[in-house]
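Before any comments, here is the structure.
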Amino acid sequence: MAKKVVSDLNLKGKKVLIRVDFNVPMKDGVITDDTRIRAALPTVKYVLDNGGKAIVFSHLGRIKKAEDLAKGDMTPVAHHFEELLGHKVVFVNATRGKELEDAIAKMQEGDVVMFQNTRYEDLEGKKESSNDPELGAYWASLGDVFVNDAFGTAHRAHASNVGIASHIKESAAGFLLEKEIKFIGGAVDNPVHPYVAILGGAKVSDKIGVISELVKKADKILIGGGMMFTFLKALGHNIGKSLCEDDKLDLAKELLKEADGKIVLPVDTVCAKEFADVSGEVKDVNAMASDDMGLDIGPKTLELFTNELKSAKTVVWNGPMGVFEMKNFEAGTLGVCEAIAHLDGATTIVGGGDSVAAVEKLGYAEKFSHVSTGGGASLEYLEGKALPGITCLSEK
C-alpha cells in the first residue's frame, strides 16, 4: 500500500508537526554542511503555502550526559533554518511544557515554531530513542496532523516518529521521505535491469545484509574500499597489512559462492607502507608485499568498474572506494563518482556519508537521480527491511 504524502493532507488552519532531519555537522557552533536543512525546505514551504501552522523538530547528535546538552543545542540550527526559509521561525528552548504549549497556542496560519533537540529527552531514561509512549502521546497532542520528513532516522522507532504517528489521527511522508521511498524503494522492489550495485567502506560486517539481498536482485556487485581485502584474502591473496575482518572470511567465501560471478573484485590497488597521506604505489592484487597496505582501488580496477557500469539502467552506490579523506587515495572514489554521473538513461542513487561527500565535492549532485540523506536508513532499506519511520505513516 502507498503511504500518504503531505500533499494528500488538508492543512488549512491545522497545526502540522513536522519531524525533519536537521542533524547537521557543526564545528565550534557553526554549521559546516546545511544540505539536510535545505532538503527539508520544500515540505515546510508547502505546509505554509497551504495555510498550515508548521511545528518543526529534529534531533542533533547524541545526548548521553549533561555536558552533551550545549553541543546538541538547536539554537544555531534554528537561526540558519530561518535564514534559508526566508521566514520568521519562533524557537522554543524546550521539548515540552508551558512555554512550548503557549507558543503553539498563539500560532496563526503560516507561522513556524521550532522546538529544542528531541534527544534532550534522552538525558533521563532515553525517552526519545526508546520510543517512550507517554512522550510520543504528549508530542502528538501538540498538533493535528504529523508529517515525517526525516529519512535519516526512519530505521529507528523513536518517540518523534513512530511515537507521534501512533497517537495522532493522520500522518504522512514529507516530500524528501517520498523521494527516498520512490528511488530506494524502487531499486529494492522493482529495479530496471541491468542493475549494478557498488559497495565500499571499511567493513563487510556493515554490508552483509545488503550484499545478501543484492545477490538475489542485482546483475553485478562491484566491491571496493577496505572491505575488498576480506574478499581478496578469502580467495587466497596476500593482502599484506590491509584492513581485513578475519572472522568474516568464511562468510565472504559463502557470499562469493552464492553470487556465482556477480561479485566483481578489484584487480589492482594503491598501496602504502603506513596509514598516512603519502604517495602510494599501484600494485596488482596478487603482487602485494607483506608490509603493503591497500588504501584505494587502482586504475585498472577503475577501468573495469567503469566498463561494468556502461550498460547499467539502475545503479546504487554506497561507500567509498578507498581512504577518500586522504588526497593520495581519493582517485578511486572520485573516478567511480564520475563514471556514474556520466551514465545516460540510468536511475542512479547514492547513499552513505563518504560517497555523498564525493558527489558534493565534484559538484555532481544534480547529475544523480537521487542523493540519499540517510546512511544507516538507506542501507537497511536496500536490505529490504521495513523501516519503522515509514511503516507507521497513514496509508493512502
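Identifiers in the C-alpha cells: chain A, B, ... in order shown; residue index from 1 per chain; ligand index from 1 in order shown.
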
Quiz item: Where does DSSP see strand (DSSP E) in stretch 61-131 of chain A, if you list the residues as a list in words?
Solution: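 For stretch 61-131 of chain A, the strand (DSSP E) set is Val90, Phe91, Val92, Val112, Val113, Met114 and Phe115 of chain A.
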
Take the selection from the previous step and output its residues with C-alpha atoms, as a compact mmCIF listing (two decimals), in the first residue's frame.
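Result went into part.txt, see below:
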```txt
# COMPACT_ATOMS: atom_id res chain seq x y z
CA VAL A 90 9.99 31.14 16.67
CA PHE A 91 12.48 28.94 18.51
CA VAL A 92 11.40 27.44 21.84
CA VAL A 112 6.65 28.44 12.17
CA VAL A 113 7.63 27.22 15.64
CA MET A 114 10.72 25.09 16.15
CA PHE A 115 11.46 23.36 19.44
```

Quiz prompt | Contact residues around stretch 264-266 of chain A with only C-alpha atoms at 10 Å, ignoring same-chain residues under 6 positions, as a list in words | solution =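 In the requested form, the answer reads Ile198, Lys220, Ile221, Leu222, Ile223, Gly224, Gly225, Met228, Phe229, Phe231, Leu232, Leu256, Asp284, Val285, Asp296, Ile297, Gly298, Pro299, Lys300, Thr301, Leu302, Leu304, Phe305, Glu308 and Met321 of chain A.
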
Residue selection dump (N, CA and C atoms) as a CSV table (one decimal), in the first residue's frame:
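The resulting file, result.csv, is shown below:
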```
chain,number,residue,atom,x,y,z
A,198,ILE,N,27.4,-0.8,-6.3
A,198,ILE,CA,28.8,-0.5,-6.0
A,198,ILE,C,28.8,-0.3,-4.5
A,220,LYS,N,25.2,-7.2,-11.1
A,220,LYS,CA,26.6,-7.1,-10.7
A,220,LYS,C,26.8,-6.4,-9.4
A,221,ILE,N,27.7,-6.8,-8.6
A,221,ILE,CA,28.0,-6.1,-7.4
A,221,ILE,C,29.5,-5.8,-7.4
A,222,LEU,N,29.9,-4.5,-7.5
A,222,LEU,CA,31.3,-4.1,-7.6
A,222,LEU,C,31.7,-3.7,-6.1
A,223,ILE,N,32.8,-4.3,-5.7
A,223,ILE,CA,33.2,-4.1,-4.3
A,223,ILE,C,34.6,-3.4,-4.2
A,224,GLY,N,34.6,-2.3,-3.5
A,224,GLY,CA,35.9,-1.6,-3.3
A,224,GLY,C,36.0,-1.3,-1.8
A,225,GLY,N,36.9,-0.3,-1.5
A,225,GLY,CA,37.0,0.1,-0.1
A,225,GLY,C,37.7,-1.0,0.8
A,228,MET,N,37.1,-4.8,0.5
A,228,MET,CA,37.5,-5.7,-0.6
A,228,MET,C,38.6,-6.7,-0.2
A,229,PHE,N,39.4,-6.3,0.8
A,229,PHE,CA,40.5,-7.1,1.3
A,229,PHE,C,40.1,-8.4,2.0
A,231,PHE,N,37.4,-10.0,1.1
A,231,PHE,CA,37.1,-10.9,0.0
A,231,PHE,C,38.3,-11.5,-0.7
A,232,LEU,N,39.3,-10.6,-0.9
A,232,LEU,CA,40.5,-11.0,-1.6
A,232,LEU,C,41.3,-12.0,-0.8
A,256,LEU,N,30.6,-15.1,-2.1
A,256,LEU,CA,31.2,-15.3,-3.4
A,256,LEU,C,30.6,-16.5,-4.2
A,284,ASP,N,49.2,-4.9,-8.6
A,284,ASP,CA,48.2,-5.9,-8.8
A,284,ASP,C,47.8,-6.5,-7.5
A,285,VAL,N,46.6,-7.0,-7.3
A,285,VAL,CA,46.2,-7.6,-6.1
A,285,VAL,C,46.9,-8.9,-5.7
A,296,ASP,N,43.3,2.2,-1.7
A,296,ASP,CA,42.4,2.6,-2.7
A,296,ASP,C,42.4,1.6,-3.8
A,297,ILE,N,41.3,1.6,-4.6
A,297,ILE,CA,41.3,0.8,-5.8
A,297,ILE,C,42.3,1.4,-6.8
A,298,GLY,N,42.9,0.6,-7.7
A,298,GLY,CA,43.8,1.1,-8.7
A,298,GLY,C,43.2,1.5,-10.0
A,299,PRO,N,44.0,2.0,-11.0
A,299,PRO,CA,43.4,2.5,-12.2
A,299,PRO,C,42.8,1.4,-13.1
A,300,LYS,N,43.4,0.2,-13.1
A,300,LYS,CA,42.8,-1.0,-13.9
A,300,LYS,C,41.4,-1.3,-13.3
A,301,THR,N,41.3,-1.3,-12.0
A,301,THR,CA,40.0,-1.6,-11.4
A,301,THR,C,39.0,-0.5,-11.7
A,302,LEU,N,39.4,0.7,-11.7
A,302,LEU,CA,38.5,1.8,-12.1
A,302,LEU,C,38.0,1.6,-13.5
A,304,LEU,N,37.8,-1.3,-15.1
A,304,LEU,CA,37.0,-2.5,-15.0
A,304,LEU,C,35.6,-2.1,-14.5
A,305,PHE,N,35.5,-1.3,-13.4
A,305,PHE,CA,34.2,-0.9,-12.9
A,305,PHE,C,33.5,0.0,-13.8
A,308,GLU,N,31.8,-2.1,-16.4
A,308,GLU,CA,30.7,-2.8,-15.9
A,308,GLU,C,29.5,-1.9,-15.8
A,321,MET,N,35.6,4.0,-2.2
A,321,MET,CA,36.5,3.0,-2.8
A,321,MET,C,37.8,2.9,-2.1
```

Exercise. For A:Ser160, work out the shell of residues within 7 Å, counting only C-alpha atoms and skipping chain neighbours fewer than 2 positions away, then give it as a VMD selection string.
Key: chain A and resid 19 128 136 158 162 to 164

Practice problem: For atom CA of A:Asp149 and atom CA of A:Glu213, quote the distance in Å rounded to one decimal. | Solution: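 Here the two named atoms are 26.0 Å from each other.
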
Quiz prompt | Residues within 12 Å of A:Gly384, only C-alpha atoms, excluding chain neighbours under 5 positions, as a count of residues only | solution = 20

Practice problem: Have a look at A:Glu180, A:Asp250, A:Glu338, A:Asp354 and name the one nearest to A:Ser372; count only C-alpha atoms. | Solution: A:Glu180

Quiz item: Where does DSSP see alpha helix (DSSP H) in stretch 21-235 of chain A, if you list the residues as number ranges by chain?
Solution: A: 35-49, 68-71, 75-85, 98-105, 133-141, 164-166, 175-189, 208-217, 228-234

Quiz item: Of the candidates A:Asp122, A:Arg36, A:Thr333, A:Ser205, which shows the shortest atom-to-atom distance to A:Val359, using only C-alpha atoms?
Solution: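 Smallest distance to A:Val359 is found for A:Thr333.
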
Exercise. Could you check which of A:Glu325, A:Glu82, A:Asp132, A:Asp144 is closest to A:Glu170, using only C-alpha atoms?
Key: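 Under the stated criterion, the closest residue is A:Asp144.
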
Quiz item: Can you tell me how far atom CA of A:Ala105 sits from atom CA of A:Leu142, in Å to one decimal?
Solution: 9.0 Å

Quiz prompt | Residue nearest A:Glu83 - candidates A:Ile37, A:Ala287, A:Val192, A:Ala218, atoms counted: only C-alpha atoms | solution =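 Between A:Ile37, A:Ala287, A:Val192, A:Ala218, the residue approaching A:Glu83 most closely is A:Ile37.
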